[in-house]
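The file structure.csv comes next; it holds CSV, C-alpha atoms and all ligand atoms.
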```
chain,number,residue,atom,x,y,z
Z,1,MET,CA,18.8,-54.1,19.0
Z,2,GLN,CA,21.0,-52.3,16.4
Z,3,LYS,CA,18.8,-53.7,13.6
Z,4,VAL,CA,15.6,-52.5,15.3
Z,5,PHE,CA,17.2,-49.0,15.8
Z,6,ALA,CA,18.3,-48.9,12.1
Z,7,GLY,CA,14.8,-50.0,11.0
Z,8,LEU,CA,13.2,-47.3,13.1
Z,9,ILE,CA,15.5,-44.7,11.5
Z,10,CYS,CA,14.5,-45.9,8.0
Z,11,LEU,CA,10.8,-45.8,9.0
Z,12,VAL,CA,11.2,-42.2,10.2
Z,13,LEU,CA,13.0,-41.2,7.0
Z,14,VAL,CA,10.3,-42.8,4.8
Z,15,VAL,CA,7.5,-41.1,6.7
Z,16,SER,CA,9.3,-37.8,6.6
Z,17,MET,CA,9.7,-38.1,2.8
Z,18,VAL,CA,6.0,-38.9,2.3
Z,19,LEU,CA,4.9,-36.0,4.5
Z,20,GLY,CA,7.5,-33.7,2.8
Z,21,ILE,CA,9.2,-33.0,6.2
Z,22,GLY,CA,12.8,-32.1,5.7
Z,23,SER,CA,12.5,-32.0,1.9
Z,24,SER,CA,14.1,-28.9,0.3
Z,25,VAL,CA,10.8,-27.9,-1.4
Z,26,ASN,CA,9.4,-24.8,0.5
Z,27,ALA,CA,11.8,-25.4,3.3
Z,28,ALA,CA,11.6,-21.7,4.1
Z,29,GLY,CA,7.8,-21.7,3.9
Z,30,LYS,CA,4.8,-20.5,2.0
Z,31,TYR,CA,4.2,-16.7,2.0
Z,32,ALA,CA,1.1,-15.1,0.7
Z,33,VAL,CA,0.5,-11.5,-0.2
Z,34,ILE,CA,-3.0,-10.1,-0.8
Z,35,PHE,CA,-3.4,-6.7,-2.4
Z,36,LYS,CA,-6.5,-4.5,-2.4
Z,37,SER,CA,-7.7,-5.4,-5.9
Z,38,ALA,CA,-6.5,-6.9,-9.2
Z,39,GLY,CA,-5.4,-4.8,-12.1
Z,40,ASN,CA,-3.8,-2.0,-10.1
Z,41,PRO,CA,-0.2,-1.4,-11.4
Z,42,PHE,CA,0.9,-0.2,-8.0
Z,43,GLY,CA,-0.3,-3.5,-6.5
Z,44,GLU,CA,1.5,-5.5,-9.3
Z,45,LYS,CA,4.8,-3.8,-8.4
Z,46,LEU,CA,4.2,-4.3,-4.7
Z,47,MET,CA,3.6,-8.0,-5.2
Z,48,GLU,CA,6.6,-8.2,-7.5
Z,49,GLY,CA,8.8,-6.9,-4.7
Z,50,PHE,CA,7.2,-9.3,-2.2
Z,51,LYS,CA,8.0,-12.2,-4.5
Z,52,ASP,CA,11.6,-11.1,-5.0
Z,53,ALA,CA,12.1,-11.1,-1.2
Z,54,ILE,CA,10.5,-14.5,-0.7
Z,55,GLU,CA,12.5,-16.0,-3.5
Z,56,GLU,CA,15.7,-14.6,-2.0
Z,57,VAL,CA,15.0,-16.4,1.3
Z,58,GLY,CA,14.1,-19.6,-0.6
Z,59,GLY,CA,10.4,-19.6,0.1
Z,60,GLU,CA,7.3,-19.9,-2.0
Z,61,ALA,CA,5.4,-16.7,-2.8
Z,62,ILE,CA,1.6,-16.8,-3.3
Z,63,LEU,CA,0.2,-13.6,-4.9
Z,64,ARG,CA,-3.5,-12.8,-4.6
Z,65,ALA,CA,-5.7,-9.8,-5.3
Z,66,PRO,CA,-9.6,-9.9,-5.4
Z,67,ALA,CA,-11.5,-8.7,-8.5
Z,68,GLN,CA,-13.2,-6.0,-6.4
Z,69,PRO,CA,-11.6,-3.9,-3.6
Z,70,THR,CA,-13.8,-5.3,-0.8
Z,71,ALA,CA,-13.1,-6.7,2.6
Z,72,GLU,CA,-15.5,-9.7,1.8
Z,73,GLU,CA,-13.4,-10.9,-1.0
Z,74,GLN,CA,-10.2,-10.6,1.1
Z,75,ILE,CA,-11.8,-12.5,3.9
Z,76,GLN,CA,-12.5,-15.4,1.5
Z,77,MET,CA,-8.9,-15.3,0.4
Z,78,ILE,CA,-7.6,-15.4,4.0
Z,79,GLU,CA,-9.8,-18.4,4.7
Z,80,GLN,CA,-8.4,-20.2,1.7
Z,81,LEU,CA,-4.8,-19.4,2.7
Z,82,ILE,CA,-5.5,-20.7,6.3
Z,83,ALA,CA,-6.7,-24.0,4.7
Z,84,GLN,CA,-3.6,-24.0,2.6
Z,85,ARG,CA,-1.5,-23.8,5.8
Z,86,VAL,CA,0.6,-20.9,4.6
Z,87,ASP,CA,3.3,-19.6,7.0
Z,88,ALA,CA,2.6,-15.9,6.6
Z,89,ILE,CA,0.0,-13.5,5.1
Z,90,ALA,CA,0.9,-10.0,4.1
Z,91,ILE,CA,-2.1,-7.9,3.3
Z,92,SER,CA,-3.0,-4.4,2.0
Z,93,ALA,CA,-6.4,-4.1,3.6
Z,94,ASN,CA,-9.7,-3.0,2.2
Z,95,ASP,CA,-10.9,-2.3,5.7
Z,96,TYR,CA,-9.2,-1.5,9.0
Z,97,ASP,CA,-11.5,-3.6,11.2
Z,98,ALA,CA,-13.5,-6.0,9.1
Z,99,LEU,CA,-10.7,-8.5,8.5
Z,100,GLU,CA,-10.1,-8.9,12.3
Z,101,PRO,CA,-11.9,-12.3,12.8
Z,102,ALA,CA,-10.3,-13.9,9.8
Z,103,LEU,CA,-6.8,-12.6,10.6
Z,104,LYS,CA,-7.1,-13.5,14.3
Z,105,LYS,CA,-8.1,-17.0,13.2
Z,106,ALA,CA,-5.0,-17.1,11.0
Z,107,MET,CA,-2.8,-16.0,13.8
Z,108,SER,CA,-4.3,-18.6,16.2
Z,109,ARG,CA,-3.2,-21.3,13.7
Z,110,GLY,CA,0.4,-20.0,13.9
Z,111,ILE,CA,0.3,-17.9,10.7
Z,112,LYS,CA,2.2,-14.7,10.9
Z,113,VAL,CA,0.3,-11.6,9.8
Z,114,VAL,CA,1.8,-8.4,8.3
Z,115,SER,CA,-0.3,-5.6,6.9
Z,116,LEU,CA,1.5,-3.3,4.4
Z,117,ASP,CA,0.5,-0.3,2.4
Z,118,SER,CA,-3.1,-0.2,3.9
Z,119,ALA,CA,-3.1,-1.2,7.6
Z,120,VAL,CA,-5.4,-3.4,9.6
Z,121,ASN,CA,-6.0,-2.6,13.3
Z,122,PRO,CA,-3.2,-3.6,15.7
Z,123,GLN,CA,-5.1,-6.6,17.1
Z,124,SER,CA,-5.3,-8.2,13.6
Z,125,ARG,CA,-1.6,-8.2,12.8
Z,126,HIS,CA,1.9,-8.8,14.2
Z,127,VAL,CA,3.3,-5.7,12.6
Z,128,HIS,CA,2.5,-3.1,9.9
Z,129,VAL,CA,4.9,-2.2,7.1
Z,130,ASN,CA,4.4,1.5,6.6
Z,131,GLN,CA,5.4,3.2,3.3
Z,132,ALA,CA,6.1,6.7,4.8
Z,133,ASP,CA,5.0,9.0,7.7
Z,134,PRO,CA,1.2,9.5,7.1
Z,135,GLU,CA,1.3,13.0,8.6
Z,136,LEU,CA,4.0,14.0,6.1
Z,137,ILE,CA,2.1,12.4,3.2
Z,138,GLY,CA,-1.1,14.2,4.0
Z,139,ARG,CA,0.4,17.6,4.8
Z,140,VAL,CA,2.7,17.7,1.8
Z,141,GLU,CA,-0.1,17.1,-0.7
Z,142,VAL,CA,-2.1,20.1,0.7
Z,143,GLN,CA,1.0,22.3,0.7
Z,144,ALA,CA,1.5,21.3,-3.0
Z,145,ILE,CA,-2.0,22.1,-4.2
Z,146,TYR,CA,-2.0,25.4,-2.2
Z,147,GLU,CA,1.1,26.5,-4.1
Z,148,MET,CA,-0.3,25.3,-7.5
Z,149,ILE,CA,-3.6,27.2,-7.1
Z,150,GLY,CA,-2.0,30.3,-5.8
Z,151,GLY,CA,-3.3,30.1,-2.3
Z,152,GLU,CA,-7.0,30.3,-2.9
Z,153,GLY,CA,-10.0,28.5,-4.3
Z,154,GLN,CA,-12.0,25.3,-4.2
Z,155,ILE,CA,-10.3,22.0,-4.0
Z,156,ALA,CA,-11.5,18.4,-4.0
Z,157,ILE,CA,-10.0,15.1,-3.0
Z,158,LEU,CA,-10.3,12.0,-5.3
Z,159,SER,CA,-9.6,9.0,-3.2
Z,160,ALA,CA,-9.7,5.2,-3.5
Z,161,THR,CA,-12.5,3.4,-1.6
Z,162,SER,CA,-14.2,5.0,1.4
Z,163,GLN,CA,-12.9,2.2,3.6
Z,164,ALA,CA,-9.2,2.3,2.5
Z,165,SER,CA,-7.3,2.8,5.8
Z,166,ASN,CA,-4.2,4.3,4.1
Z,167,GLN,CA,-6.1,6.9,2.1
Z,168,ASN,CA,-8.4,7.7,5.1
Z,169,LEU,CA,-5.4,8.4,7.4
Z,170,TRP,CA,-3.8,10.6,4.8
Z,171,ILE,CA,-7.0,12.5,4.3
Z,172,GLU,CA,-7.3,13.1,8.1
Z,173,TRP,CA,-3.9,14.7,8.0
Z,174,MET,CA,-4.8,16.8,4.9
Z,175,LYS,CA,-7.8,18.1,6.8
Z,176,LYS,CA,-5.6,19.0,9.8
Z,177,GLU,CA,-3.2,20.8,7.5
Z,178,LEU,CA,-6.2,22.8,6.1
Z,179,GLU,CA,-7.1,24.0,9.5
Z,180,LYS,CA,-4.1,26.3,9.6
Z,181,PRO,CA,-5.0,30.0,9.1
Z,182,LYS,CA,-2.8,30.0,6.0
Z,183,TYR,CA,-5.6,28.0,4.2
Z,184,ASP,CA,-8.5,30.4,5.0
Z,185,LYS,CA,-9.1,31.0,1.4
Z,186,VAL,CA,-8.9,27.4,0.4
Z,187,GLU,CA,-12.2,25.4,0.5
Z,188,LEU,CA,-12.3,21.6,0.5
Z,189,VAL,CA,-15.7,21.0,-1.3
Z,190,LYS,CA,-15.8,17.2,-1.5
Z,191,VAL,CA,-14.0,13.9,-1.0
Z,192,ALA,CA,-14.9,11.7,-3.9
Z,193,TYR,CA,-14.2,7.9,-4.1
Z,194,GLY,CA,-13.1,6.3,-7.4
Z,195,ASP,CA,-12.6,2.9,-5.6
Z,196,ASP,CA,-9.2,2.5,-7.3
Z,197,LEU,CA,-11.1,1.6,-10.4
Z,198,ARG,CA,-10.1,3.5,-13.5
Z,199,ASP,CA,-13.6,4.0,-15.0
Z,200,LYS,CA,-15.2,5.0,-11.7
Z,201,SER,CA,-12.3,7.4,-11.0
Z,202,VAL,CA,-12.8,9.0,-14.4
Z,203,ALA,CA,-16.6,9.3,-13.8
Z,204,GLU,CA,-16.0,10.8,-10.3
Z,205,THR,CA,-13.5,13.4,-11.7
Z,206,GLU,CA,-16.1,14.4,-14.4
Z,207,ALA,CA,-18.7,14.7,-11.7
Z,208,LEU,CA,-16.5,16.9,-9.6
Z,209,LEU,CA,-15.8,19.2,-12.6
Z,210,LYS,CA,-19.6,19.4,-13.3
Z,211,SER,CA,-20.7,20.0,-9.7
Z,212,TYR,CA,-18.0,22.6,-9.0
Z,213,PRO,CA,-17.3,24.7,-12.1
Z,214,ASN,CA,-15.0,26.9,-10.1
Z,215,LEU,CA,-12.9,24.0,-8.9
Z,216,LYS,CA,-9.2,25.0,-8.8
Z,217,GLY,CA,-7.5,21.8,-7.8
Z,218,ILE,CA,-7.7,18.1,-7.2
Z,219,ILE,CA,-5.6,16.0,-4.8
Z,220,ALA,CA,-5.7,12.3,-5.6
Z,221,PRO,CA,-3.8,10.2,-3.0
Z,222,THR,CA,-4.1,7.1,-5.1
Z,223,THR,CA,-2.1,6.1,-8.2
Z,224,VAL,CA,-5.3,4.9,-10.0
Z,225,GLY,CA,-7.2,8.2,-9.1
Z,226,ILE,CA,-4.4,10.6,-10.1
Z,227,ALA,CA,-3.9,8.9,-13.5
Z,228,ALA,CA,-7.6,8.9,-14.2
Z,229,ALA,CA,-7.9,12.6,-13.2
Z,230,ALA,CA,-4.9,13.5,-15.3
Z,231,LYS,CA,-6.5,12.0,-18.4
Z,232,VAL,CA,-9.8,13.8,-17.8
Z,233,LEU,CA,-8.1,17.2,-17.3
Z,234,THR,CA,-6.0,16.6,-20.4
Z,235,ASP,CA,-9.0,15.5,-22.6
Z,236,LYS,CA,-11.1,18.5,-21.4
Z,237,GLY,CA,-8.3,20.9,-22.1
Z,238,LEU,CA,-8.2,22.0,-18.4
Z,239,LYS,CA,-4.4,22.1,-18.0
Z,240,GLY,CA,-3.6,25.2,-16.0
Z,241,LYS,CA,-7.2,25.8,-15.0
Z,242,VAL,CA,-7.6,22.9,-12.6
Z,243,GLN,CA,-4.4,21.8,-10.9
Z,244,LEU,CA,-3.6,18.2,-9.9
Z,245,THR,CA,-1.3,16.6,-7.4
Z,246,GLY,CA,-1.2,13.5,-5.2
Z,247,LEU,CA,0.4,10.1,-5.2
Z,248,GLY,CA,1.2,8.7,-8.7
Z,249,LEU,CA,3.3,6.1,-10.4
Z,250,PRO,CA,6.0,7.7,-12.6
Z,251,SER,CA,5.3,5.1,-15.3
Z,252,GLU,CA,1.6,6.2,-15.6
Z,253,MET,CA,2.1,9.9,-14.9
Z,254,ALA,CA,5.3,10.8,-16.9
Z,255,GLU,CA,3.3,12.2,-19.8
Z,256,TYR,CA,1.1,14.4,-17.6
Z,257,ILE,CA,4.0,15.7,-15.6
Z,258,LYS,CA,5.8,16.6,-18.8
Z,259,SER,CA,2.7,18.3,-20.2
Z,260,GLY,CA,2.2,20.2,-17.0
Z,261,VAL,CA,-1.3,18.8,-16.2
Z,262,CYS,CA,0.3,17.6,-13.0
Z,263,GLN,CA,3.3,19.8,-12.1
Z,264,TRP,CA,4.5,17.5,-9.4
Z,265,MET,CA,3.4,14.5,-7.2
Z,266,TYR,CA,4.8,12.1,-4.6
Z,267,LEU,CA,5.2,8.4,-4.1
Z,268,TRP,CA,7.6,5.8,-2.7
Z,269,ASN,CA,9.0,2.7,-4.3
Z,270,PRO,CA,6.2,0.1,-4.4
Z,271,ILE,CA,8.6,-2.7,-5.3
Z,272,ASP,CA,10.6,-1.9,-2.1
Z,273,LEU,CA,7.4,-1.8,-0.1
Z,274,GLY,CA,6.5,-5.3,-1.1
Z,275,TYR,CA,10.1,-6.5,-0.7
Z,276,LEU,CA,10.2,-5.1,2.9
Z,277,GLY,CA,6.8,-6.8,3.6
Z,278,GLY,CA,8.3,-10.1,2.4
Z,279,TYR,CA,11.4,-9.8,4.6
Z,280,ALA,CA,9.3,-8.7,7.6
Z,281,ALA,CA,7.0,-11.8,7.1
Z,282,HIS,CA,10.1,-14.0,6.9
Z,283,ALA,CA,11.7,-12.6,10.0
Z,284,LEU,CA,8.4,-13.3,11.9
Z,285,VAL,CA,8.3,-16.9,10.6
Z,286,THR,CA,11.9,-17.6,11.6
Z,287,GLY,CA,11.4,-16.0,15.0
Z,288,GLU,CA,14.0,-13.3,14.3
Z,289,ILE,CA,11.4,-10.8,15.3
Z,290,THR,CA,8.1,-11.0,17.1
Z,291,GLY,CA,6.7,-7.6,16.1
Z,292,GLU,CA,7.7,-5.9,19.4
Z,293,PRO,CA,9.3,-2.4,19.4
Z,294,GLY,CA,13.1,-2.6,19.3
Z,295,ASP,CA,13.2,-5.8,17.2
Z,296,THR,CA,15.6,-5.6,14.3
Z,297,PHE,CA,16.3,-7.7,11.2
Z,298,VAL,CA,18.1,-7.4,7.9
Z,299,ALA,CA,15.7,-6.8,5.0
Z,300,GLY,CA,17.9,-8.0,2.2
Z,301,LYS,CA,19.2,-5.2,0.1
Z,302,LEU,CA,17.3,-2.6,2.2
Z,303,GLY,CA,19.6,-3.4,5.1
Z,304,GLU,CA,18.7,-3.4,8.8
Z,305,LYS,CA,15.2,-2.4,9.8
Z,306,GLU,CA,13.7,-1.8,13.2
Z,307,VAL,CA,10.2,-2.4,14.6
Z,308,ILE,CA,8.9,0.8,16.2
Z,309,GLN,CA,5.9,1.7,18.3
Z,310,ALA,CA,3.1,3.4,16.3
Z,311,GLY,CA,-0.1,4.3,18.1
Z,312,GLU,CA,-1.3,1.1,19.8
Z,313,GLY,CA,0.5,-1.1,17.4
Z,314,THR,CA,4.0,-1.5,15.9
Z,315,GLU,CA,5.3,-0.9,12.5
Z,316,ILE,CA,8.4,-0.9,10.2
Z,317,MET,CA,9.0,2.2,8.1
Z,318,LEU,CA,10.1,2.1,4.5
Z,319,GLY,CA,11.3,5.7,4.2
Z,320,ALA,CA,10.3,9.2,3.1
Z,321,PRO,CA,8.0,10.0,0.2
Z,322,PHE,CA,9.7,11.1,-2.9
Z,323,LYS,CA,8.8,14.1,-5.1
Z,324,PHE,CA,8.5,13.6,-8.8
Z,325,ASP,CA,8.5,16.5,-11.3
Z,326,ALA,CA,9.6,17.3,-14.8
Z,327,SER,CA,13.3,17.3,-13.7
Z,328,ASN,CA,13.4,13.7,-12.5
Z,329,ILE,CA,10.4,11.8,-14.0
Z,330,ASP,CA,12.4,10.3,-16.9
Z,331,GLU,CA,14.7,8.6,-14.5
Z,332,TRP,CA,11.8,6.8,-12.8
Z,333,LYS,CA,9.2,6.2,-15.5
Z,334,ASP,CA,10.7,2.8,-16.5
Z,335,VAL,CA,11.3,1.6,-13.0
Z,336,TYR,CA,7.7,1.7,-11.5
I,1,LIG,C1,-3.2,3.0,-5.0
I,1,LIG,C2,-3.6,2.2,-3.9
I,1,LIG,C3,-2.5,2.0,-2.9
I,1,LIG,C4,-1.8,3.3,-2.5
I,1,LIG,C5,-1.3,4.0,-3.7
I,1,LIG,C6,-0.7,5.3,-3.5
I,1,LIG,O1,-2.5,2.3,-6.0
I,1,LIG,O2,-4.7,2.7,-3.3
I,1,LIG,O3,-3.0,1.4,-1.7
I,1,LIG,O4,-0.8,3.1,-1.6
I,1,LIG,O5,-2.5,4.2,-4.6
```
I need this file expressed as structure tokens, please.
Amino acid sequence: MQKVFAGLICLVLVVSMVLGIGSSVNAAGKYAVIFKSAGNPFGEKLMEGFKDAIEEVGGEAILRAPAQPTAEEQIQMIEQLIAQRVDAIAISANDYDALEPALKKAMSRGIKVVSLDSAVNPQSRHVHVNQADPELIGRVEVQAIYEMIGGEGQIAILSATSQASNQNLWIEWMKKELEKPKYDKVELVKVAYGDDLRDKSVAETEALLKSYPNLKGIIAPTTVGIAAAAKVLTDKGLKGKVQLTGLGLPSEMAEYIKSGVCQWMYLWNPIDLGYLGGYAAHALVTGEITGEPGDTFVAGKLGEKEVIQAGEGTEIMLGAPFKFDASNIDEWKDVY
């Protein structure tokens, strides 16, 4: 009897080894992050932070970004990751609703889903990792351009893609801010879309300047857009004539902040955003959180974080946006 029992244990061990069960490789699981598109330095930093977190918990990080910022390419990637049996997917979405069938399929297979940076709708995720309060981000950019243009004149917005849920939400808040009587002499003439592609963002900036020769200011709530617009304004000698603000990476914008083409701008730490996304995904996989309001977990060096209600879904907040100007840009330009 004892021999049979010992034999059974041996058999179980051999089968476990063959299947990889109980082996130390990927014991903490496979975690994928999908950014909006490849070649975006903000996305590279976000994925770097995600990888840092996953390596800290002993998991395997899979980093993906489609060539074009489309929902279709992200859906294909989600399907591939489902087939790879990953444990979690963190995604910066190219569309709020279009990923729903693919992400629901992932969740039905036990895969935990986190959106970060650019949200999917609440039905398509367990939780969203939000960079900062969207109302504050939208309002503060309008307040900045108002001050820069001296309170009157035409302004335009240069955004990412027309489907980007983060930019669209910020633009909604910009429009609400512009409804205040204070802005009666400020006219928003156009929202242009550079699709987070450098060349398209350059072309859209040039088109804005051509169509609106009296344009006084541009708000670009995208790191790709603001850097492209800064280059165009610099090349055309428009410093001081057309003002620029928005959300920019210090590494890409330091020269323009110093030259005065962009007097100040805002952002948060993209490495920390990805890192928080990684820890949130891990906490879902281990069952430490389910994505319900009131859930708490320790996000590595960022400390304890809480899941809160946000609209019809839940989210985890990174922090407040940070203002960059000539006085502090040098401290940050080598960080991100
Ligand atoms: C771009 C992307 C990203 C956004 C930043 C501010 O890099 O659109 O999603 O969060 O800008």
With distances taken over only C-alpha atoms and all ligand atoms, which of Z:Leu276, Z:Leu116, Z:Val307, Z:Leu99 is nearest to ligand LIG 1 (chain I)? Z:Leu116
Residues up to 9 Å from ligand LIG 1 (chain I), counting only C-alpha atoms and all ligand atoms: could you list those as a CSV table (one decimal) with C-alpha atoms, keeping the file's coordinate frame?
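So the final result, stored in pocket.csv, reads:
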```
chain,number,residue,atom,x,y,z
Z,35,PHE,CA,-3.4,-6.7,-2.4
Z,36,LYS,CA,-6.5,-4.5,-2.4
Z,37,SER,CA,-7.7,-5.4,-5.9
Z,40,ASN,CA,-3.8,-2.0,-10.1
Z,41,PRO,CA,-0.2,-1.4,-11.4
Z,42,PHE,CA,0.9,-0.2,-8.0
Z,43,GLY,CA,-0.3,-3.5,-6.5
Z,92,SER,CA,-3.0,-4.4,2.0
Z,93,ALA,CA,-6.4,-4.1,3.6
Z,94,ASN,CA,-9.7,-3.0,2.2
Z,116,LEU,CA,1.5,-3.3,4.4
Z,117,ASP,CA,0.5,-0.3,2.4
Z,118,SER,CA,-3.1,-0.2,3.9
Z,131,GLN,CA,5.4,3.2,3.3
Z,159,SER,CA,-9.6,9.0,-3.2
Z,160,ALA,CA,-9.7,5.2,-3.5
Z,161,THR,CA,-12.5,3.4,-1.6
Z,164,ALA,CA,-9.2,2.3,2.5
Z,165,SER,CA,-7.3,2.8,5.8
Z,166,ASN,CA,-4.2,4.3,4.1
Z,167,GLN,CA,-6.1,6.9,2.1
Z,195,ASP,CA,-12.6,2.9,-5.6
Z,196,ASP,CA,-9.2,2.5,-7.3
Z,220,ALA,CA,-5.7,12.3,-5.6
Z,221,PRO,CA,-3.8,10.2,-3.0
Z,222,THR,CA,-4.1,7.1,-5.1
Z,223,THR,CA,-2.1,6.1,-8.2
Z,224,VAL,CA,-5.3,4.9,-10.0
Z,225,GLY,CA,-7.2,8.2,-9.1
Z,226,ILE,CA,-4.4,10.6,-10.1
Z,246,GLY,CA,-1.2,13.5,-5.2
Z,247,LEU,CA,0.4,10.1,-5.2
Z,248,GLY,CA,1.2,8.7,-8.7
Z,249,LEU,CA,3.3,6.1,-10.4
Z,266,TYR,CA,4.8,12.1,-4.6
Z,267,LEU,CA,5.2,8.4,-4.1
Z,268,TRP,CA,7.6,5.8,-2.7
Z,270,PRO,CA,6.2,0.1,-4.4
```
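What separates CA of Ala254 (chain Z) from CA of Asp330 (chain Z) is a distance of 7.1 Å.
Separating CA of Met148 (chain Z) from CA of Leu209 (chain Z) is a distance of 17.4 Å.
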Which of Z:Leu63, Z:Ile289, Z:Ala32, Z:Leu169 sits closest to Tyr96 (chain Z) [using only C-alpha atoms]: Z:Leu169
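Of the listed residues (Z:Trp264, Z:Tyr183, Z:Phe50, Z:Trp173), Z:Tyr183 comes nearest to Gly153 (chain Z); the distances count all atoms listed in the file.
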When distances are computed from all atoms listed in the file, which of Z:Ile219, Z:Leu318, Z:Ile155, Z:Val191 shows the smallest separation from Leu302 (chain Z)? Z:Leu318
Enumerate, as a ChimeraX atom specification, the protein, DNA and RNA residues whose atoms approach (-11.5, 8.5, -9.7) to within 6 Å, taking into account all atoms listed in the file and the coordinate frame of the file. /Z:158,194,200-202,204-205,225,228
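Residues lying within 12 Å of Ser327 (chain Z), counting only C-alpha atoms and ignoring same-chain neighbours fewer than 6 positions away, are Ala254, Ile257, Lys258, Gly260, Gln263, Trp264 and Lys333 of chain Z.
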Using only C-alpha atoms, pick whichever of Z:Ala119, Z:Val261, Z:Ala65, Z:Ala144 has the shortest atom-to-atom distance to Asn168 (chain Z). Z:Ala119
Which one of Z:Met265, Z:Met77, Z:Ala102, Z:Ile89 sits closest to Glu141 (chain Z) if you count all atoms listed in the file? Z:Met265
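Relative to CA of Thr296 (chain Z), CA of Glu312 (chain Z) is found at 19.0 Å.
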Within-12 Å shell of (-8.0, 16.1, -18.4) in input frame, all atoms listed in the file, as a PyMOL selection string: chain Z and resi 202-203+205-206+209+218+226-244+256+259-262
Tell me, as a PDB file with C-alpha atoms, keeping the file's coordinate frame, which residues lie within 7 Å of Ala28 (chain Z), counting all atoms listed in the file; anything in the same chain fewer than 5 positions away does not count.
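Saved the output as around.pdb:
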```
ATOM      1  CA  VAL Z  57      15.000 -16.400   1.300  1.00  0.00           C
ATOM      2  CA  GLY Z  58      14.100 -19.600  -0.600  1.00  0.00           C
ATOM      3  CA  GLY Z  59      10.400 -19.600   0.100  1.00  0.00           C
TER       4      GLY Z  59
END
```
Per-axis box centre and lengths in Å around region 269-275 of chain Z, 4 Å margin per side, axis-aligned, as AutoDock Vina command-line options:
```
--center_x 8.4 --center_y -1.9 --center_z -2.7 --size_x 12.4 --size_y 17.2 --size_z 13.2
```
What's around Lys176 (chain Z) at 10 Å? Count all atoms listed in the file, leave out sequence neighbours fewer than 6 positions away in its own chain, and write the answer as a list in words. Glu135, Gly138, Arg139, Val142 and Trp170 of chain Z
Selection file, C-alpha atoms, as a JSON list (two decimals), in the coordinates of the input:
```json
[["chain", "number", "residue", "atom", "x", "y", "z"],
["Z", 135, "GLU", "CA", 1.30, 13.00, 8.60],
["Z", 138, "GLY", "CA", -1.10, 14.20, 4.00],
["Z", 139, "ARG", "CA", 0.40, 17.60, 4.80],
["Z", 142, "VAL", "CA", -2.10, 20.10, 0.70],
["Z", 170, "TRP", "CA", -3.80, 10.60, 4.80]]
```
